[in-house]
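Shown next: target_21.txt, given as compact mmCIF, C-alpha atoms.
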```
# COMPACT_ATOMS: atom_id res chain seq x y z
CA MET A 191 -36.88 31.14 3.68
CA SER A 192 -34.02 29.76 1.63
CA ARG A 193 -32.91 30.62 -1.88
CA LYS A 194 -30.95 27.38 -2.28
CA HIS A 195 -33.60 25.05 -0.84
CA PRO A 196 -37.12 26.38 -1.51
CA ILE A 197 -40.21 24.99 0.22
CA ILE A 198 -43.80 24.91 -1.06
CA SER A 199 -46.59 24.11 1.40
CA ILE A 200 -50.21 23.28 0.58
CA THR A 201 -52.56 23.68 3.52
CA GLY A 202 -56.19 22.65 3.73
CA SER A 203 -58.47 20.64 5.97
CA SER A 204 -59.52 17.08 5.14
CA GLY A 205 -61.58 16.92 1.96
CA ALA A 206 -60.70 20.46 0.91
CA GLY A 207 -59.12 19.34 -2.36
CA THR A 208 -55.44 19.48 -1.45
CA THR A 209 -54.84 16.12 -3.15
CA SER A 210 -56.12 17.53 -6.45
CA VAL A 211 -53.86 20.54 -6.02
CA LYS A 212 -50.95 18.20 -5.37
CA ARG A 213 -51.64 16.45 -8.68
CA THR A 214 -51.57 19.82 -10.45
CA PHE A 215 -48.20 20.60 -8.89
CA GLU A 216 -46.91 17.17 -9.92
CA GLN A 217 -47.92 17.92 -13.52
CA ILE A 218 -46.03 21.22 -13.40
CA PHE A 219 -42.98 19.56 -11.82
CA ARG A 220 -42.96 16.87 -14.51
CA ARG A 221 -43.39 19.35 -17.36
CA GLU A 222 -40.71 21.73 -16.05
CA ASN A 223 -38.27 18.96 -14.96
CA VAL A 224 -38.42 19.92 -11.29
CA VAL A 225 -37.43 17.23 -8.77
CA ALA A 226 -39.48 17.54 -5.58
CA ALA A 227 -39.10 15.88 -2.19
CA TYR A 228 -42.51 15.19 -0.64
CA ILE A 229 -43.82 15.44 2.91
CA GLU A 230 -47.35 14.41 3.89
CA GLY A 231 -49.00 16.12 6.81
CA ASP A 232 -50.39 12.84 8.16
CA ALA A 233 -46.82 11.76 8.89
CA PHE A 234 -46.68 14.30 11.70
CA HIS A 235 -49.69 13.12 13.63
CA ARG A 236 -48.62 12.23 17.15
CA TYR A 237 -50.67 9.02 17.44
CA ASN A 238 -51.44 6.10 15.17
CA ARG A 239 -55.06 5.11 14.50
CA VAL A 240 -55.52 2.86 17.54
CA GLU A 241 -53.71 5.24 19.88
CA MET A 242 -55.83 8.16 18.66
CA ARG A 243 -59.06 6.28 19.37
CA THR A 244 -57.80 5.35 22.83
CA HIS A 245 -56.78 8.92 23.67
CA MET A 246 -60.04 10.26 22.29
CA ALA A 247 -62.04 7.93 24.53
CA GLU A 248 -59.92 8.87 27.54
CA GLU A 249 -60.33 12.59 26.86
CA SER A 250 -64.06 12.15 26.43
CA ASP A 251 -64.26 10.41 29.80
CA ARG A 252 -62.46 13.40 31.31
CA GLY A 253 -65.08 15.73 29.84
CA ASN A 254 -62.98 16.96 26.89
CA LYS A 255 -65.38 16.84 23.94
CA HIS A 256 -63.04 18.67 21.54
CA PHE A 257 -60.04 16.35 21.14
CA SER A 258 -59.11 16.36 17.44
CA HIS A 259 -56.41 15.85 14.79
CA PHE A 260 -56.11 19.62 14.36
CA SER A 261 -54.47 20.51 17.68
CA PRO A 262 -50.86 20.77 18.96
CA GLU A 263 -51.63 17.97 21.42
CA THR A 264 -52.20 15.48 18.61
CA ASN A 265 -49.49 16.61 16.19
CA LEU A 266 -45.71 16.88 16.11
CA PHE A 267 -45.50 20.59 15.32
CA SER A 268 -41.94 20.93 16.62
CA GLU A 269 -40.76 18.05 14.45
CA LEU A 270 -42.52 19.51 11.41
CA GLU A 271 -40.91 22.89 12.01
CA ALA A 272 -37.53 21.13 12.42
CA VAL A 273 -37.89 19.43 9.02
CA PHE A 274 -38.79 22.70 7.31
CA ARG A 275 -35.83 24.43 8.99
CA SER A 276 -33.47 21.57 8.18
CA TYR A 277 -34.49 21.50 4.52
CA SER A 278 -34.19 25.27 4.16
CA GLU A 279 -30.64 25.07 5.56
CA THR A 280 -29.32 21.80 4.12
CA GLY A 281 -31.72 20.55 1.45
CA THR A 282 -32.72 17.46 3.44
CA GLY A 283 -34.42 16.29 6.62
CA ASN A 284 -36.35 13.38 8.11
CA THR A 285 -39.93 12.30 7.48
CA ARG A 286 -42.10 9.19 7.57
CA TYR A 287 -45.38 7.95 6.10
CA TYR A 288 -48.77 7.33 7.65
CA VAL A 289 -50.24 4.19 6.08
CA HIS A 290 -53.94 4.67 5.36
CA ASP A 291 -55.09 1.38 3.82
CA ASP A 292 -54.14 -2.10 2.64
CA VAL A 293 -52.68 -0.82 -0.64
CA GLU A 294 -50.26 1.47 1.18
CA SER A 295 -49.62 -1.28 3.73
CA ALA A 296 -48.39 -3.62 1.00
CA LEU A 297 -46.12 -0.85 -0.30
CA HIS A 298 -44.59 0.17 3.05
CA LYS A 299 -44.73 -3.21 4.85
CA VAL A 300 -46.47 -1.88 7.98
CA PRO A 301 -50.12 -2.32 9.07
CA PRO A 302 -52.78 0.22 8.05
CA GLY A 303 -53.24 3.01 10.56
CA THR A 304 -49.58 3.03 11.62
CA PHE A 305 -46.41 4.90 10.67
CA THR A 306 -43.28 3.83 8.86
CA ASP A 307 -39.89 4.46 10.46
CA TRP A 308 -38.39 7.91 10.08
CA GLN A 309 -36.22 8.18 6.99
CA LYS A 310 -34.07 10.81 5.31
CA LEU A 311 -35.41 12.83 2.41
CA PRO A 312 -33.57 12.51 -0.93
CA ASP A 313 -30.39 14.59 -1.15
CA SER A 314 -30.79 15.80 -4.72
CA SER A 315 -34.23 17.48 -4.76
CA ASP A 316 -34.92 20.93 -6.26
CA LEU A 317 -37.53 21.83 -3.64
CA LEU A 318 -39.60 20.46 -0.75
CA PHE A 319 -43.35 19.99 -1.23
CA TYR A 320 -45.65 19.67 1.81
CA GLU A 321 -49.34 18.82 1.64
CA GLY A 322 -51.46 18.55 4.77
CA LEU A 323 -53.25 20.32 7.61
CA HIS A 324 -50.48 22.46 9.07
CA GLY A 325 -48.19 23.81 6.35
CA ALA A 326 -48.55 27.38 7.61
CA VAL A 327 -49.21 26.81 11.30
CA VAL A 328 -48.06 29.39 13.84
CA THR A 329 -48.44 28.95 17.61
CA ASP A 330 -46.77 30.43 20.67
CA LYS A 331 -44.14 27.65 20.38
CA VAL A 332 -43.60 27.02 16.66
CA ASN A 333 -43.67 28.94 13.39
CA VAL A 334 -43.78 26.57 10.44
CA ALA A 335 -45.01 29.29 8.07
CA GLN A 336 -41.76 31.29 8.24
CA TYR A 337 -39.79 28.59 6.39
CA ALA A 338 -42.08 28.13 3.38
CA ASP A 339 -41.30 30.18 0.26
CA LEU A 340 -44.71 29.63 -1.34
CA LYS A 341 -47.75 28.90 0.84
CA ILE A 342 -51.01 27.83 -0.80
CA GLY A 343 -54.33 27.56 1.03
CA VAL A 344 -57.07 25.31 -0.33
CA VAL A 345 -60.40 25.62 1.45
CA PRO A 346 -64.08 25.43 0.47
CA VAL A 347 -66.68 27.55 2.22
CA ILE A 348 -67.67 25.86 5.46
CA ASN A 349 -71.03 24.40 4.35
CA LEU A 350 -69.38 22.82 1.31
CA GLU A 351 -66.61 21.42 3.49
CA TRP A 352 -69.20 19.82 5.77
CA ILE A 353 -71.08 18.35 2.80
CA GLN A 354 -67.84 16.81 1.49
CA LYS A 355 -67.03 15.31 4.88
CA LEU A 356 -70.54 13.95 5.39
CA HIS A 357 -70.57 12.26 2.00
CA ARG A 358 -67.04 10.86 2.31
CA ASP A 359 -67.46 9.48 5.82
CA ARG A 360 -70.88 7.98 5.12
CA SER A 361 -69.92 6.35 1.81
CA ALA A 362 -66.28 5.38 2.44
CA ARG A 363 -66.36 4.71 6.18
CA GLY A 364 -69.95 3.72 6.85
CA TYR A 365 -70.58 6.41 9.48
CA SER A 366 -74.06 7.73 10.23
CA THR A 367 -74.96 11.38 9.71
CA GLU A 368 -75.19 11.76 13.48
CA ALA A 369 -71.68 10.36 13.99
CA VAL A 370 -70.17 12.69 11.37
CA THR A 371 -72.02 15.65 12.89
CA ASP A 372 -70.53 14.79 16.29
CA THR A 373 -67.06 14.72 14.69
CA ILE A 374 -67.60 18.15 13.11
CA LEU A 375 -68.71 19.61 16.45
CA ARG A 376 -65.80 17.99 18.28
CA ARG A 377 -63.26 19.46 15.84
CA MET A 378 -64.75 22.95 15.64
CA PRO A 379 -62.70 24.71 18.39
CA ASP A 380 -59.42 23.37 16.99
CA TYR A 381 -60.53 24.20 13.45
CA VAL A 382 -61.16 27.80 14.49
CA ASN A 383 -57.91 28.08 16.49
CA TYR A 384 -55.41 26.14 14.35
CA ILE A 385 -56.75 25.70 10.80
CA CYS A 386 -58.47 29.01 9.95
CA PRO A 387 -55.56 31.26 11.08
CA GLN A 388 -53.23 29.59 8.59
CA PHE A 389 -55.15 31.09 5.67
CA ALA A 390 -53.99 34.53 6.76
CA GLU A 391 -50.38 33.28 6.45
CA THR A 392 -50.74 31.80 2.96
CA ASP A 393 -49.58 33.60 -0.18
CA ILE A 394 -52.47 32.37 -2.35
CA ASN A 395 -55.85 30.97 -1.31
CA PHE A 396 -58.17 28.94 -3.54
CA GLN A 397 -61.67 28.91 -2.04
CA ARG A 398 -64.48 26.98 -3.74
CA VAL A 399 -67.93 28.51 -3.39
CA PRO A 400 -71.03 26.53 -4.48
CA THR A 401 -73.65 28.29 -6.60
CA VAL A 402 -76.41 25.92 -5.47
CA ASP A 403 -78.28 25.90 -2.17
CA THR A 404 -76.18 24.42 0.64
CA SER A 405 -78.17 26.03 3.47
CA ASN A 406 -78.54 22.72 5.31
CA PRO A 407 -75.42 20.67 4.56
CA PHE A 408 -76.63 17.81 6.75
CA ILE A 409 -79.43 16.85 4.35
CA ALA A 410 -77.61 17.52 1.05
CA ARG A 411 -77.91 14.51 -1.24
CA TRP A 412 -74.82 15.19 -3.33
CA ILE A 413 -71.68 17.30 -3.40
CA PRO A 414 -71.88 20.38 -5.63
CA THR A 415 -69.82 19.76 -8.75
CA PRO A 416 -67.15 22.10 -10.18
CA ASP A 417 -69.73 23.20 -12.77
CA GLU A 418 -71.95 24.26 -9.86
CA SER A 419 -69.18 26.24 -8.19
CA MET A 420 -67.04 29.33 -8.45
CA VAL A 421 -63.50 29.64 -7.08
CA VAL A 422 -62.22 32.77 -5.39
CA ILE A 423 -58.43 33.12 -5.76
CA ARG A 424 -56.89 35.60 -3.31
CA MET A 425 -53.30 36.82 -3.66
CA LYS A 426 -51.76 38.07 -0.42
CA ASN A 427 -49.34 40.24 -2.40
CA PRO A 428 -50.72 40.94 -5.89
CA ARG A 429 -47.55 42.73 -7.02
CA GLY A 430 -46.17 40.97 -10.08
CA ILE A 431 -49.39 39.04 -10.81
CA ASP A 432 -50.53 39.75 -14.38
CA PHE A 433 -54.28 39.95 -13.77
CA PRO A 434 -55.16 41.20 -17.30
CA TYR A 435 -53.39 38.15 -18.73
CA LEU A 436 -55.25 35.80 -16.38
CA LEU A 437 -58.60 37.42 -17.20
CA SER A 438 -57.88 37.01 -20.92
CA MET A 439 -56.85 33.35 -20.54
CA ILE A 440 -59.60 32.16 -18.16
CA PRO A 441 -63.08 32.41 -19.70
CA ASN A 442 -65.73 34.32 -17.70
CA SER A 443 -63.29 35.25 -14.93
CA PHE A 444 -63.49 38.61 -13.19
CA MET A 445 -61.85 40.65 -10.45
CA SER A 446 -63.83 40.96 -7.20
CA ARG A 447 -61.13 42.91 -5.35
CA ALA A 448 -57.76 44.36 -6.23
CA ASN A 449 -56.08 41.12 -5.09
CA SER A 450 -58.81 38.58 -5.95
CA ILE A 451 -59.95 36.90 -9.14
CA VAL A 452 -63.10 34.77 -9.44
CA ILE A 453 -63.25 31.87 -11.90
CA HIS A 454 -65.69 29.15 -12.88
CA GLY A 455 -65.08 25.97 -10.87
CA SER A 456 -64.30 23.93 -13.97
CA LYS A 457 -61.33 26.22 -14.76
CA LEU A 458 -59.48 25.63 -11.49
CA ASP A 459 -56.77 23.41 -13.00
CA LEU A 460 -56.14 25.92 -15.81
CA ALA A 461 -55.94 28.80 -13.33
CA MET A 462 -53.49 26.89 -11.13
CA GLN A 463 -51.30 26.10 -14.11
CA LEU A 464 -51.25 29.74 -15.22
CA ILE A 465 -50.68 31.21 -11.75
CA LEU A 466 -48.37 28.65 -10.16
CA THR A 467 -46.03 27.72 -13.02
CA PRO A 468 -44.28 31.13 -13.13
CA LEU A 469 -43.97 31.17 -9.33
CA ILE A 470 -42.37 27.72 -9.28
CA LEU A 471 -39.99 28.69 -12.06
CA GLN A 472 -39.04 31.82 -10.11
CA LEU A 473 -38.13 29.67 -7.09
CA ILE A 474 -36.04 27.34 -9.25
CA GLU A 475 -34.30 30.22 -11.03
CA ARG A 476 -33.55 31.88 -7.70
CA LYS A 477 -32.16 28.56 -6.44
CA ARG A 478 -29.87 28.17 -9.45
CA ARG A 479 -28.56 31.72 -9.15
CA ALA A 480 -27.81 31.12 -5.47
```
Would you mind writing the file out in structure tokens?
Amino acid sequence: MSRKHPIISITGSSGAGTTSVKRTFEQIFRRENVVAAYIEGDAFHRYNRVEMRTHMAEESDRGNKHFSHFSPETNLFSELEAVFRSYSETGTGNTRYYVHDDVESALHKVPPGTFTDWQKLPDSSDLLFYEGLHGAVVTDKVNVAQYADLKIGVVPVINLEWIQKLHRDRSARGYSTEAVTDTILRRMPDYVNYICPQFAETDINFQRVPTVDTSNPFIARWIPTPDESMVVIRMKNPRGIDFPYLLSMIPNSFMSRANSIVIHGSKLDLAMQLILTPLILQLIERKRRA
């Protein structure tokens, strides 16, 4: 970790809500006049969209039914670690963008499903902000987690995550329930081996828990709303966290363990603002003193 060049990483699987968390951070950055350099996890996929489909078909023909975007084989973990290390040492590094759709294609001048060229991060940023699948990944070859000063995990309980994926892929991508189920099964070993372990590395986890029946996520007709959910917020190191203040500021919140607070789902943005703003300001103050 670096005092002069702090790094914040947001880690969560697809559909977990990391984009919403990113928007909350952007609001804090804007309000507190913090200039952030951004890295998107998709930029460090190894293959573009067509290449991934080709490799997936080839692996399936070989009998590998678990080839997914979560694994070291399909991601540039070493390059991601190198960017984190470079930023922590020098305040810059190289990244690129993965272009998802026609809107982003018009912006970056490359076809959807492909990457832009590698480019240097801005030189004058206050901190680096990563949002993606692998912001706290640790394997026998790389340790991305060691370079991040503040690691945030965003993950719903597994049935809710499946419901979100089923609804998104069926409505936005036109997939059948059977096709999405096959994708979930294909990704499961890599999810267990490379996604779940990261949430033991994170400093704070936000886990959304539905309060309605999600026993069979494959027949759920709609995604539970924030009003139908609670959020469990777990602090890895609760020292310095003013829990009485949080309980007084967040209606109907309560402590479930000495390092965990439970809030109503509709209060997630408020809780993030209250918890994360002081931590970001601490990083910036530490940077300025250094």
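Minimum atom-to-atom distances from A:Ser314, A:Phe408, A:Ile474, A:Val399 to Leu356 of chain A were compared using all atoms listed in the file, and the lowest value belongs to A:Phe408.
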#### Entry: Option closest in space to Phe260 of chain A, from A:Ile200, A:Cys386, A:Val273, A:Leu311 [counting only C-alpha atoms]
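Closest candidate: A:Cys386.
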### Task
Identify, on the basis of all atoms listed in the file, every residue whose closest approach to Ser446 of chain A does not exceed 12 Å; exclude the query and any residue fewer than 2 positions from it along the same chain; express the result as JSON, numbers by chain.
{"A": [421, 422, 423, 424, 425, 433, 437, 443, 444, 448, 449, 450, 451, 452, 453]}
At most 12 Å is the cut-off: for each residue in segment 265-303 of chain A with any atom that close to an atom of segment 237-255 of chain A, write down the nearest atom pair and the distance in Å rounded to one decimal, counting all atoms listed in the file, chain first then increasing number, as a tab-separated table.
```
residue	atom	partner	partner_atom	distance
A:Asn265	CA	A:Tyr237	CA	7.8
A:Leu266	CA	A:Tyr237	CA	9.4
A:Tyr287	CA	A:Asn238	CA	11.1
A:Tyr288	CA	A:Asn238	CA	8.1
A:Val289	CA	A:Asn238	CA	9.4
A:His290	CA	A:Arg239	CA	9.2
A:Asp291	CA	A:Arg239	CA	11.3
A:Val300	CA	A:Asn238	CA	11.8
A:Pro301	CA	A:Arg239	CA	10.4
A:Pro302	CA	A:Arg239	CA	8.4
A:Gly303	CA	A:Arg239	CA	4.8
```
### Query
Pick from A:Leu270, A:Leu297, A:Val344, A:Met462: nearest to Asp232 of chain A, with all atoms listed in the file counted?
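Looking at the shortest contact to Asp232 of chain A, the residue is A:Leu270.
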